[in-house]
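Visitor: query_19.cif is reproduced below (mmCIF, C-alpha atoms and all ligand atoms).
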data_protein
loop_
_atom_site.group_PDB
_atom_site.id
_atom_site.type_symbol
_atom_site.label_atom_id
_atom_site.label_comp_id
_atom_site.auth_asym_id
_atom_site.auth_seq_id
_atom_site.Cartn_x
_atom_site.Cartn_y
_atom_site.Cartn_z
ATOM 1 C CA MET A 359 17.677 6.923 -42.625
ATOM 2 C CA ALA A 360 17.625 3.353 -41.298
ATOM 3 C CA ALA A 361 20.719 2.454 -39.261
ATOM 4 C CA SER A 362 22.927 -0.278 -40.750
ATOM 5 C CA ILE A 363 24.917 -2.755 -38.668
ATOM 6 C CA ALA A 364 28.082 -0.768 -39.510
ATOM 7 C CA ASP A 365 26.417 2.497 -38.384
ATOM 8 C CA ALA A 366 25.370 0.961 -35.089
ATOM 9 C CA ASP A 367 28.745 -0.673 -34.473
ATOM 10 C CA SER A 368 30.624 2.571 -35.040
ATOM 11 C CA LEU A 369 28.546 4.337 -32.367
ATOM 12 C CA LEU A 370 28.723 1.626 -29.699
ATOM 13 C CA GLY A 371 31.452 3.466 -27.752
ATOM 14 C CA ASP A 372 29.212 6.473 -27.092
ATOM 15 C CA ALA A 373 25.870 4.701 -27.344
ATOM 16 C CA PRO A 374 26.177 1.109 -26.098
ATOM 17 C CA TRP A 375 22.489 0.527 -26.884
ATOM 18 C CA ALA A 376 23.029 1.333 -30.626
ATOM 19 C CA ARG A 377 21.495 -1.308 -32.918
ATOM 20 C CA ALA A 378 20.728 -1.730 -36.615
ATOM 21 C CA ASP A 379 17.196 -0.917 -37.743
ATOM 22 C CA GLY A 380 14.774 -3.799 -37.156
ATOM 23 C CA TRP A 381 17.015 -5.125 -34.395
ATOM 24 C CA ARG A 382 13.935 -6.728 -32.921
ATOM 25 C CA ALA A 383 10.229 -6.795 -33.752
ATOM 26 C CA GLY A 384 9.006 -3.204 -33.543
ATOM 27 C CA GLY A 385 12.530 -1.977 -32.794
ATOM 28 C CA SER A 386 13.464 1.034 -34.927
ATOM 29 C CA SER A 387 16.879 2.560 -35.332
ATOM 30 C CA LEU A 388 17.510 5.660 -37.432
ATOM 31 C CA VAL A 389 20.677 7.643 -38.041
ATOM 32 C CA ALA A 390 21.338 11.130 -39.350
ATOM 33 C CA LYS A 391 24.287 11.728 -41.662
ATOM 34 C CA VAL A 392 25.948 14.983 -42.616
ATOM 35 C CA ARG A 393 28.253 14.632 -45.642
ATOM 36 C CA ASP A 394 28.554 10.886 -44.962
ATOM 37 C CA GLU A 395 29.497 11.459 -41.320
ATOM 38 C CA LEU A 396 27.236 9.983 -38.624
ATOM 39 C CA ALA A 397 25.533 12.928 -36.897
ATOM 40 C CA GLY A 398 23.215 11.060 -34.515
ATOM 41 C CA ILE A 399 21.213 7.941 -33.747
ATOM 42 C CA VAL A 400 17.828 7.185 -32.220
ATOM 43 C CA VAL A 401 16.782 3.683 -31.154
ATOM 44 C CA THR A 402 13.342 2.634 -29.967
ATOM 45 C CA ALA A 403 12.216 -0.589 -28.357
ATOM 46 C CA THR A 404 8.771 -1.925 -27.662
ATOM 47 C CA ASN A 405 8.164 -2.297 -23.944
ATOM 48 C CA ALA A 406 6.907 -5.772 -23.071
ATOM 49 C CA ILE A 407 5.919 -4.718 -19.549
ATOM 50 C CA HIS A 408 4.267 -1.368 -20.357
ATOM 51 C CA PRO A 409 3.103 -1.827 -23.949
ATOM 52 C CA THR A 410 1.455 1.588 -24.446
ATOM 53 C CA ARG A 411 4.761 3.464 -24.752
ATOM 54 C CA ASP A 412 7.989 2.614 -26.585
ATOM 55 C CA LEU A 413 11.361 3.149 -24.943
ATOM 56 C CA VAL A 414 13.724 5.517 -26.743
ATOM 57 C CA PHE A 415 17.446 6.308 -26.603
ATOM 58 C CA MET A 416 19.309 8.904 -28.628
ATOM 59 C CA PHE A 417 22.799 10.257 -29.078
ATOM 60 C CA VAL A 418 24.179 13.166 -31.088
ATOM 61 C CA PRO A 419 27.999 13.636 -31.201
ATOM 62 C CA ASP A 420 29.245 16.907 -29.710
ATOM 63 C CA LYS A 421 30.021 18.655 -32.955
ATOM 64 C CA PHE A 422 26.477 18.179 -34.286
ATOM 65 C CA ARG A 423 24.582 19.266 -31.157
ATOM 66 C CA ARG A 424 22.170 22.218 -30.993
ATOM 67 C CA GLN A 425 21.491 22.003 -34.728
ATOM 68 C CA GLY A 426 18.164 20.217 -34.555
ATOM 69 C CA VAL A 427 19.552 16.726 -35.292
ATOM 70 C CA GLY A 428 18.156 15.136 -32.122
ATOM 71 C CA THR A 429 14.750 16.694 -32.718
ATOM 72 C CA ALA A 430 14.670 15.510 -36.338
ATOM 73 C CA LEU A 431 15.604 11.952 -35.340
ATOM 74 C CA VAL A 432 12.970 11.693 -32.598
ATOM 75 C CA ASN A 433 10.290 13.154 -34.866
ATOM 76 C CA ALA A 434 11.186 10.686 -37.625
ATOM 77 C CA VAL A 435 11.003 7.687 -35.318
ATOM 78 C CA LYS A 436 7.695 8.903 -33.839
ATOM 79 C CA THR A 437 6.179 9.136 -37.309
ATOM 80 C CA ARG A 438 7.252 5.611 -38.039
ATOM 81 C CA ARG A 439 5.971 3.992 -34.811
ATOM 82 C CA GLY A 440 2.932 6.148 -34.009
ATOM 83 C CA VAL A 441 3.064 5.463 -30.248
ATOM 84 C CA PRO A 442 4.163 7.744 -27.406
ATOM 85 C CA LEU A 443 7.741 7.401 -26.211
ATOM 86 C CA SER A 444 8.793 7.139 -22.575
ATOM 87 C CA VAL A 445 11.984 8.600 -21.126
ATOM 88 C CA LYS A 446 13.423 9.430 -17.699
ATOM 89 C CA ALA A 447 15.406 12.513 -16.745
ATOM 90 C CA HIS A 448 16.485 14.556 -13.749
ATOM 91 C CA PRO A 449 15.170 18.137 -13.964
ATOM 92 C CA GLY A 450 17.972 20.563 -14.775
ATOM 93 C CA THR A 451 19.859 18.186 -17.092
ATOM 94 C CA VAL A 452 20.413 18.546 -20.847
ATOM 95 C CA ALA A 453 18.334 15.443 -21.484
ATOM 96 C CA HIS A 454 15.424 16.925 -19.516
ATOM 97 C CA SER A 455 15.582 20.221 -21.461
ATOM 98 C CA PHE A 456 15.748 18.302 -24.713
ATOM 99 C CA TYR A 457 12.726 16.129 -23.872
ATOM 100 C CA LYS A 458 10.709 19.148 -22.732
ATOM 101 C CA SER A 459 11.537 20.867 -26.038
ATOM 102 C CA LEU A 460 9.946 17.865 -27.761
ATOM 103 C CA GLY A 461 6.698 18.437 -25.839
ATOM 104 C CA ALA A 462 7.352 15.774 -23.209
ATOM 105 C CA VAL A 463 4.849 15.658 -20.353
ATOM 106 C CA ARG A 464 5.633 14.310 -16.892
ATOM 107 C CA TYR A 465 3.507 11.303 -15.944
ATOM 108 C CA GLN A 466 5.340 10.195 -12.815
ATOM 109 C CA LEU A 467 7.838 11.482 -10.287
ATOM 110 C CA CYS A 468 10.348 9.417 -8.363
ATOM 111 C CA PRO A 469 11.156 11.462 -5.248
ATOM 112 C CA PRO A 470 14.583 11.794 -3.611
ATOM 113 C CA GLU A 471 14.869 8.419 -1.882
ATOM 114 C CA ARG A 472 18.460 7.860 -0.789
ATOM 115 C CA ILE A 473 18.847 7.174 2.915
ATOM 116 C CA ASP A 474 21.991 7.101 5.009
ATOM 117 C CA ALA A 475 21.203 4.000 7.060
ATOM 118 C CA SER A 476 23.918 4.818 9.606
ATOM 119 C CA HIS A 477 22.444 8.231 10.508
ATOM 120 C CA ALA A 478 21.375 8.280 14.181
ATOM 121 C CA GLU A 479 17.841 9.556 13.409
ATOM 122 C CA VAL A 480 17.371 6.930 10.703
ATOM 123 C CA ARG A 481 18.515 4.193 13.059
ATOM 124 C CA LEU A 482 16.039 5.428 15.645
ATOM 125 C CA TRP A 483 13.221 5.442 13.071
ATOM 126 C CA ALA A 484 14.161 1.903 11.995
ATOM 127 C CA SER A 485 14.237 0.604 15.562
ATOM 128 C CA GLU A 486 10.775 2.076 16.213
ATOM 129 C CA ASN A 487 9.233 0.581 13.073
ATOM 130 C CA ARG A 488 10.564 -2.981 12.961
ATOM 131 C CA GLY A 489 7.874 -5.641 13.088
ATOM 132 C CA GLU A 490 7.584 -9.202 14.316
ATOM 133 C CA ALA A 491 5.960 -10.642 11.184
ATOM 134 C CA VAL A 492 8.969 -9.847 8.966
ATOM 135 C CA CYS A 493 10.945 -12.699 7.423
ATOM 136 C CA ALA A 494 13.792 -13.025 4.912
ATOM 137 C CA GLY A 495 13.216 -14.002 1.291
ATOM 138 C CA ASP A 496 15.253 -17.187 1.287
ATOM 139 C CA ARG A 497 12.334 -19.140 2.731
ATOM 140 C CA PHE A 498 10.422 -18.680 -0.561
ATOM 141 C CA THR A 499 10.910 -20.362 -3.932
ATOM 142 C CA LEU A 500 11.796 -18.315 -7.006
ATOM 143 C CA PRO A 501 8.296 -18.801 -8.523
ATOM 144 C CA GLN A 502 6.742 -17.562 -5.248
ATOM 145 C CA LEU A 503 9.000 -14.525 -5.279
ATOM 146 C CA THR A 504 8.194 -13.849 -8.947
ATOM 147 C CA GLU A 505 4.467 -13.992 -8.126
ATOM 148 C CA ALA A 506 4.903 -11.650 -5.177
ATOM 149 C CA TRP A 507 6.965 -9.194 -7.227
ATOM 150 C CA THR A 508 4.338 -9.279 -9.994
ATOM 151 C CA ASP A 509 1.542 -8.599 -7.472
ATOM 152 C CA MET A 510 3.435 -5.676 -6.022
ATOM 153 C CA TYR A 511 4.298 -4.331 -9.461
ATOM 154 C CA ALA A 512 0.620 -4.370 -10.431
ATOM 155 C CA VAL A 513 -0.359 -2.478 -7.242
ATOM 156 C CA VAL A 514 2.253 0.203 -7.829
ATOM 157 C CA HIS A 515 1.510 0.798 -11.531
ATOM 158 C CA ALA A 516 -2.269 0.267 -11.605
ATOM 159 C CA THR A 517 -3.289 3.916 -11.706
ATOM 160 C CA TRP A 518 -0.753 5.436 -14.093
ATOM 161 C CA SER A 519 1.077 2.975 -16.352
ATOM 162 C CA PRO A 520 -0.888 0.127 -17.941
ATOM 163 C CA THR A 521 0.907 -3.211 -17.702
ATOM 164 C CA ALA A 522 0.847 -6.277 -19.934
ATOM 165 C CA ARG A 523 -1.143 -9.417 -19.076
ATOM 166 C CA ARG A 524 -0.083 -11.220 -15.909
ATOM 167 C CA GLN A 525 1.352 -14.189 -17.838
ATOM 168 C CA THR A 526 3.591 -11.835 -19.820
ATOM 169 C CA LEU A 527 4.734 -10.091 -16.650
ATOM 170 C CA LEU A 528 5.573 -13.397 -14.976
ATOM 171 C CA ALA A 529 7.602 -14.476 -18.011
ATOM 172 C CA GLU A 530 9.446 -11.137 -18.127
ATOM 173 C CA PHE A 531 10.112 -10.905 -14.395
ATOM 174 C CA GLY A 532 11.096 -14.553 -13.742
ATOM 175 C CA PRO A 533 14.665 -14.269 -15.110
ATOM 176 C CA MET A 534 15.191 -10.883 -13.407
ATOM 177 C CA ILE A 535 14.161 -12.273 -10.028
ATOM 178 C CA LYS A 536 16.424 -15.275 -10.544
ATOM 179 C CA GLU A 537 19.467 -13.286 -11.633
ATOM 180 C CA GLU A 538 19.217 -9.983 -9.776
ATOM 181 C CA LEU A 539 17.237 -10.445 -6.561
ATOM 182 C CA ASP A 540 19.168 -10.910 -3.340
ATOM 183 C CA GLN A 541 16.794 -13.325 -1.617
ATOM 184 C CA SER A 542 18.420 -13.248 1.780
ATOM 185 C CA ARG A 543 18.466 -9.434 2.034
ATOM 186 C CA SER A 544 14.887 -9.070 0.731
ATOM 187 C CA VAL A 545 12.243 -8.953 3.454
ATOM 188 C CA PHE A 546 8.582 -9.875 3.581
ATOM 189 C CA VAL A 547 5.645 -9.635 5.943
ATOM 190 C CA LEU A 548 3.653 -12.857 6.218
ATOM 191 C CA ARG A 549 0.098 -12.780 7.595
ATOM 192 C CA ASP A 550 -2.053 -15.919 7.546
ATOM 193 C CA ASN A 551 0.640 -17.500 5.408
ATOM 194 C CA ARG A 552 0.296 -14.811 2.715
ATOM 195 C CA ILE A 553 2.865 -12.183 1.763
ATOM 196 C CA THR A 554 1.183 -8.857 2.543
ATOM 197 C CA ALA A 555 4.139 -6.519 2.069
ATOM 198 C CA ALA A 556 7.604 -6.818 0.616
ATOM 199 C CA CYS A 557 10.886 -5.050 0.214
ATOM 200 C CA PHE A 558 12.795 -6.571 -2.698
ATOM 201 C CA VAL A 559 16.554 -5.977 -2.549
ATOM 202 C CA PHE A 560 18.503 -6.265 -5.803
ATOM 203 C CA GLY A 561 22.229 -6.625 -6.458
ATOM 204 C CA THR A 562 24.828 -8.051 -4.089
ATOM 205 C CA ASP A 563 26.170 -7.081 -0.687
ATOM 206 C CA GLN A 564 29.329 -5.856 -2.479
ATOM 207 C CA ASP A 565 27.413 -3.003 -4.129
ATOM 208 C CA PRO A 566 28.077 0.474 -2.682
ATOM 209 C CA GLU A 567 24.342 1.085 -2.187
ATOM 210 C CA VAL A 568 21.456 -1.181 -1.250
ATOM 211 C CA GLU A 569 18.826 -1.040 -4.023
ATOM 212 C CA ALA A 570 15.370 -1.680 -2.593
ATOM 213 C CA ILE A 571 11.756 -1.563 -3.798
ATOM 214 C CA CYS A 572 8.998 -1.747 -1.226
ATOM 215 C CA GLU A 573 5.184 -1.738 -1.125
ATOM 216 C CA SER A 574 2.152 -3.518 0.253
ATOM 217 C CA LEU A 575 0.660 -6.333 -1.829
ATOM 218 C CA ASP A 576 -2.687 -5.703 -0.170
ATOM 219 C CA PRO A 577 -2.864 -1.913 0.028
ATOM 220 C CA THR A 578 -6.385 -1.660 1.460
ATOM 221 C CA SER A 579 -5.629 -3.855 4.473
ATOM 222 C CA ALA A 580 -5.552 -2.178 7.891
ATOM 223 C CA SER A 581 -1.951 -3.220 8.497
ATOM 224 C CA ALA A 582 -0.593 -2.145 5.095
ATOM 225 C CA ARG A 583 1.193 1.029 6.269
ATOM 226 C CA GLN A 584 2.678 -0.650 9.314
ATOM 227 C CA ASP A 585 3.844 -3.648 7.235
ATOM 228 C CA VAL A 586 5.547 -1.454 4.652
ATOM 229 C CA ALA A 587 7.281 0.515 7.410
ATOM 230 C CA ALA A 588 8.417 -2.761 9.011
ATOM 231 C CA CYS A 589 9.939 -3.943 5.710
ATOM 232 C CA MET A 590 11.739 -0.639 5.164
ATOM 233 C CA ALA A 591 12.963 -0.591 8.770
ATOM 234 C CA GLU A 592 14.360 -4.107 8.418
ATOM 235 C CA VAL A 593 16.255 -3.270 5.220
ATOM 236 C CA LEU A 594 17.626 -0.068 6.767
ATOM 237 C CA THR A 595 18.773 -2.003 9.829
ATOM 238 C CA ASP A 596 20.448 -4.713 7.716
ATOM 239 C CA ALA A 597 22.185 -2.078 5.576
ATOM 240 C CA GLY A 598 24.568 -1.129 8.395
ATOM 241 C CA SER A 599 26.700 1.724 7.100
ATOM 242 C CA ASN A 600 25.643 1.350 3.432
ATOM 243 C CA PRO A 601 23.198 3.895 2.028
ATOM 244 C CA VAL A 602 19.845 2.524 0.900
ATOM 245 C CA MET A 603 18.471 3.671 -2.441
ATOM 246 C CA PHE A 604 14.756 3.016 -2.472
ATOM 247 C CA ASP A 605 13.116 3.090 -5.888
ATOM 248 C CA GLY A 606 9.503 4.226 -5.836
ATOM 249 C CA HIS A 607 6.995 6.808 -7.003
ATOM 250 C CA ILE A 608 4.992 9.566 -5.385
ATOM 251 C CA THR A 609 1.796 7.611 -6.127
ATOM 252 C CA ASP A 610 2.931 4.464 -4.273
ATOM 253 C CA PRO A 611 0.135 4.093 -1.716
ATOM 254 C CA HIS A 612 2.172 3.151 1.354
ATOM 255 C CA PHE A 613 5.807 3.376 0.337
ATOM 256 C CA TYR A 614 5.716 7.104 -0.438
ATOM 257 C CA PRO A 615 3.964 8.282 2.761
ATOM 258 C CA THR A 616 6.273 6.059 4.812
ATOM 259 C CA LEU A 617 9.332 7.422 3.015
ATOM 260 C CA GLN A 618 8.238 10.929 3.998
ATOM 261 C CA ASP A 619 8.340 9.855 7.670
ATOM 262 C CA ILE A 620 12.008 8.890 7.495
ATOM 263 C CA PRO A 621 14.389 11.673 8.507
ATOM 264 C CA VAL A 622 17.200 12.775 6.182
ATOM 265 C CA LEU A 623 16.291 11.885 2.613
ATOM 266 C CA THR A 624 18.794 12.861 -0.077
ATOM 267 C CA GLY A 625 19.081 12.440 -3.855
ATOM 268 C CA ARG A 626 17.536 14.077 -6.862
ATOM 269 C CA PRO A 627 13.978 13.759 -8.117
ATOM 270 C CA LEU A 628 13.615 11.785 -11.352
ATOM 271 C CA GLU A 629 10.796 12.469 -13.787
ATOM 272 C CA LEU A 630 9.183 9.880 -16.056
ATOM 273 C CA LEU A 631 8.151 11.722 -19.193
ATOM 274 C CA GLU A 632 5.991 10.898 -22.179
ATOM 275 C CA ILE A 633 6.867 12.335 -25.579
ATOM 276 C CA PRO A 634 3.474 12.317 -27.293
ATOM 277 C CA ALA A 635 3.009 10.381 -30.559
HETATM 278 C C1 LIG B 701 20.311 15.241 -25.740
HETATM 279 C C2 LIG B 701 20.800 15.298 -27.201
HETATM 280 C C3 LIG B 701 20.347 14.017 -27.930
HETATM 281 C C4 LIG B 701 20.213 16.510 -27.906
HETATM 282 O O1 LIG B 701 20.535 16.470 -29.283
HETATM 283 P P1 LIG B 701 20.620 17.801 -30.169
HETATM 284 O O2 LIG B 701 20.709 17.404 -31.599
HETATM 285 O O3 LIG B 701 21.707 18.682 -29.658
HETATM 286 O O4 LIG B 701 19.202 18.470 -29.860
HETATM 287 P P2 LIG B 701 18.462 19.627 -30.686
HETATM 288 O O5 LIG B 701 19.471 20.474 -31.408
HETATM 289 O O6 LIG B 701 17.400 19.001 -31.516
HETATM 290 O O7 LIG B 701 17.841 20.472 -29.473
HETATM 291 C C5 LIG B 701 16.452 20.710 -29.334
HETATM 292 C C6 LIG B 701 16.231 21.516 -28.093
HETATM 293 O O8 LIG B 701 16.612 20.735 -26.936
HETATM 294 C C7 LIG B 701 17.090 21.639 -25.909
HETATM 295 N N1 LIG B 701 18.514 21.400 -25.692
HETATM 296 C C8 LIG B 701 19.347 20.607 -26.398
HETATM 297 N N2 LIG B 701 20.585 20.632 -25.888
HETATM 298 C C9 LIG B 701 20.554 21.475 -24.841
HETATM 299 C C10 LIG B 701 21.544 21.926 -23.913
HETATM 300 N N3 LIG B 701 22.840 21.494 -23.981
HETATM 301 N N4 LIG B 701 21.158 22.775 -22.939
HETATM 302 C C11 LIG B 701 19.882 23.203 -22.853
HETATM 303 N N5 LIG B 701 18.892 22.825 -23.727
HETATM 304 C C12 LIG B 701 19.238 21.962 -24.706
HETATM 305 C C13 LIG B 701 16.922 23.034 -26.462
HETATM 306 O O9 LIG B 701 15.618 23.489 -26.132
HETATM 307 C C14 LIG B 701 17.015 22.766 -27.970
HETATM 308 O O10 LIG B 701 16.414 23.801 -28.757
HETATM 309 P P3 LIG B 701 17.301 25.107 -29.118
HETATM 310 O O11 LIG B 701 18.623 24.638 -29.614
HETATM 311 O O12 LIG B 701 16.475 25.772 -30.173
HETATM 312 O O13 LIG B 701 17.412 25.918 -27.855
HETATM 313 C C15 LIG B 701 22.351 15.431 -27.235
HETATM 314 O O14 LIG B 701 22.725 16.547 -26.439
HETATM 315 C C16 LIG B 701 23.065 14.226 -26.710
HETATM 316 O O15 LIG B 701 23.257 13.239 -27.429
HETATM 317 N N6 LIG B 701 23.479 14.246 -25.436
HETATM 318 C C17 LIG B 701 24.188 13.153 -24.831
HETATM 319 C C18 LIG B 701 23.343 11.884 -24.714
HETATM 320 C C19 LIG B 701 21.991 12.089 -23.990
HETATM 321 O O16 LIG B 701 21.908 12.811 -23.002
HETATM 322 N N7 LIG B 701 20.953 11.412 -24.518
HETATM 323 C C20 LIG B 701 19.630 11.489 -23.937
HETATM 324 C C21 LIG B 701 19.359 10.299 -23.103
HETATM 325 S S1 LIG B 701 19.280 8.780 -24.039
#
Any chance you could put this one into structure tokens?
Ligand SMILES: CC(C)(COP(=O)(O)OP(=O)(O)OC[C@H]1O[C@@H](n2cnc3c(N)ncnc32)[C@H](O)[C@@H]1OP(=O)(O)O)[C@@H](O)C(=O)NCCC(=O)NCCS

Guide:
Amino acid sequence: MAASIADADSLLGDAPWARADGWRAGGSSLVAKVRDELAGIVVTATNAIHPTRDLVFMFVPDKFRRQGVGTALVNAVKTRRGVPLSVKAHPGTVAHSFYKSLGAVRYQLCPPERIDASHAEVRLWASENRGEAVCAGDRFTLPQLTEAWTDMYAVVHATWSPTARRQTLLAEFGPMIKEELDQSRSVFVLRDNRITAACFVFGTDQDPEVEAICESLDPTSASARQDVAACMAEVLTDAGSNPVMFDGHITDPHFYPTLQDIPVLTGRPLELLEIPA
């Protein structure tokens, strides 16, 4: 049944994303009840950036698990929306088993991509791959950085996850770049006054890990691989003793092959899964 405001509020402790049904246009929220007790919630959200799949979150309290409640909730919300749902999970986790039981199919893989920047072999790799054309992000304006991020985002997702129109992406990404990007730790390669590759660093220098996303903005250019390596090398060098958590995909044209060159990768693979409509 549709989740009320009271239903959603009572689940916020376990499911901070819980909302009442209709919480936003296209946003569904359903709950299951067993003898008036809340036995689970599923919430979906339209995805402004990747409009072909809705996002979905679900929670079933311990005492109601393994009784088909989660499955019933996801099936009910799928019937209502009629679009595929996208989720992320590490293989081997309960969430992954649950999604697979719903017929979820992997459409992308994020490889292990955590790097100990203080490791001697990593430092050697970084010193060998730094480049002269690299500059820090604080020389650009926020609109320039939003444009560059949008260009890179389009390159990375072009083959496997349709994106919204460019104007929509710019409007969605602008506030994120303003609030979350660390301009001075982000690095860029400039050629002929154009950004050809970038490594965007998010968060602050107080965070335990450096969060970085890197790719060429011009992937067919002859220098693309070298430029991406130079950006990654610069971020690894700046990181000092902090680990760097890159965030990319196995289809990224230059980031992924370059990542494979770096010694000592750790972390767990993460699958992006589609639960069919
Ligand atoms: C994941 C979750 C929603 C599953 O809800 P549920 O009502 O227990 O799921 P179902 O009973 O419909 O399970 C369907 C199938 O999923 C798989 N599954 C569910 N829980 C599992 C577990 N603990 N271990 C292995 N497989 C599991 C099984 O294949 C199961 O079928 P089976 O019971 O016939 O073997 C629930 O465990 C939960 O809320 N977990 C914490 C929050 C979470 O991880 N949410 C997902 C990310 S938003």

Visitor: Please expand the PyMOL selection byres (((not hetatm)) within 12 of (chain B and resi 701)) into the concrete residues it hits in this file, giving the result as a PyMOL selection string.

Guide: chain A and resi 369+372-376+389-390+397-402+413-433+443-462+631

Visitor: If I take atom CA of Arg552 of chain A and atom CA of Ala506 of chain A, how far is one from the other in Å, to one decimal?

Guide: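 Between atom CA of Arg552 of chain A and atom CA of Ala506 of chain A the gap is 9.7 Å.
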
Visitor: In Å, with one decimal, what is the gap from atom CA of Pro409 of chain A to atom CA of Gly385 of chain A?

Guide: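 Straight-line distance from atom CA of Pro409 of chain A to atom CA of Gly385 of chain A works out to 12.9 Å.
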
Visitor: Under the rule that all atoms listed in the file are counted, which of A:Gly384, A:Pro501, A:Pro470, A:Gly489 is the nearest residue to Gly606 of chain A?

Guide: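 Closest to Gly606 of chain A of all the choices is A:Pro470.
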
Visitor: With the file shown as input, list the residues that the PyMOL selection byres (((chain A and resi 533-537) around 9) and not hetatm) selects, as a list of chain:residue names.

Guide: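 Answer for the PyMOL selection byres (((chain A and resi 533-537) around 9) and not hetatm): A:Leu500, A:Pro501, A:Leu503, A:Thr504, A:Trp507, A:Ala529, A:Glu530, A:Phe531, A:Gly532, A:Glu538, A:Leu539, A:Asp540, A:Gln541, A:Phe560, A:Gly561.
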
Visitor: Would you write out those residues with C-alpha atoms, as a PDB file, keeping the file's coordinate frame?

Guide:
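Here's the written file out_22.pdb:
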ATOM      1  CA  LEU A 500      11.796 -18.315  -7.006  1.00  0.00           C
ATOM      2  CA  PRO A 501       8.296 -18.801  -8.523  1.00  0.00           C
ATOM      3  CA  LEU A 503       9.000 -14.525  -5.279  1.00  0.00           C
ATOM      4  CA  THR A 504       8.194 -13.849  -8.947  1.00  0.00           C
ATOM      5  CA  TRP A 507       6.965  -9.194  -7.227  1.00  0.00           C
ATOM      6  CA  ALA A 529       7.602 -14.476 -18.011  1.00  0.00           C
ATOM      7  CA  GLU A 530       9.446 -11.137 -18.127  1.00  0.00           C
ATOM      8  CA  PHE A 531      10.112 -10.905 -14.395  1.00  0.00           C
ATOM      9  CA  GLY A 532      11.096 -14.553 -13.742  1.00  0.00           C
ATOM     10  CA  GLU A 538      19.217  -9.983  -9.776  1.00  0.00           C
ATOM     11  CA  LEU A 539      17.237 -10.445  -6.561  1.00  0.00           C
ATOM     12  CA  ASP A 540      19.168 -10.910  -3.340  1.00  0.00           C
ATOM     13  CA  GLN A 541      16.794 -13.325  -1.617  1.00  0.00           C
ATOM     14  CA  PHE A 560      18.503  -6.265  -5.803  1.00  0.00           C
ATOM     15  CA  GLY A 561      22.229  -6.625  -6.458  1.00  0.00           C
TER      16      GLY A 561
END

Visitor: Select, counting all atoms listed in the file, all protein, DNA and RNA residues no farther than 8 Å from (15.5, 0.9, -34.5) in file coordinates, and express the selection as a VMD selection string.

Guide: chain A and resid 360 to 361 377 to 382 384 to 388 400 to 403

Visitor: Padding 5 Å on each side, edges along x, y and z: where is the centre of the box around the listed atoms of segment 577-585 of chain A, and how long are its edges in Å to one decimal? Output it as lines of an AutoDock Vina configuration file.

Guide:
center_x = -1.3
center_y = -1.4
center_z = 4.7
size_x = 20.2
size_y = 14.9
size_z = 19.3

Visitor: Of the candidates A:Gln525, A:Thr578, A:Thr508, A:Thr517, which shows the shortest atom-to-atom distance to Ala556 of chain A, using only C-alpha atoms?

Guide: A:Thr508

Visitor: Which distance in Å separates atom CA of Ile407 of chain A and atom CA of Tyr614 of chain A, to one decimal?

Guide: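 For atom CA of Ile407 of chain A relative to atom CA of Tyr614 of chain A, the distance reads 22.5 Å.
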
Visitor: So which one's closest to Leu623 of chain A, A:Leu467, A:Ala484, A:Val593, A:Met603? Using all atoms listed in the file, please.

Guide: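 When distances to Leu623 of chain A are compared using all atoms listed in the file, the smallest one comes from A:Met603.
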
Visitor: Go through A:Ser579, A:Asn405, A:Ser542, A:Ser368 and flag the residue nearest Ala555 of chain A, using only C-alpha atoms for the distances.

Guide: A:Ser579

Visitor: Using all atoms listed in the file, which of A:Leu396, A:Val435, A:Ala406, A:Ile633 sits nearest Leu528 of chain A?

Guide: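 Among the listed residues, the smallest separation from Leu528 of chain A belongs to A:Ala406.
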
Visitor: Determine the residue membership of the PyMOL selection byres (((chain A and resi 597) around 12) and not hetatm) for the file above and supply it as a count of residues only.

Guide: 33

Visitor: Which of these, A:Val586, A:Val441, A:Met359, A:Leu527, has the shortest distance to Asp412 of chain A once you count only C-alpha atoms?

Guide: A:Val441
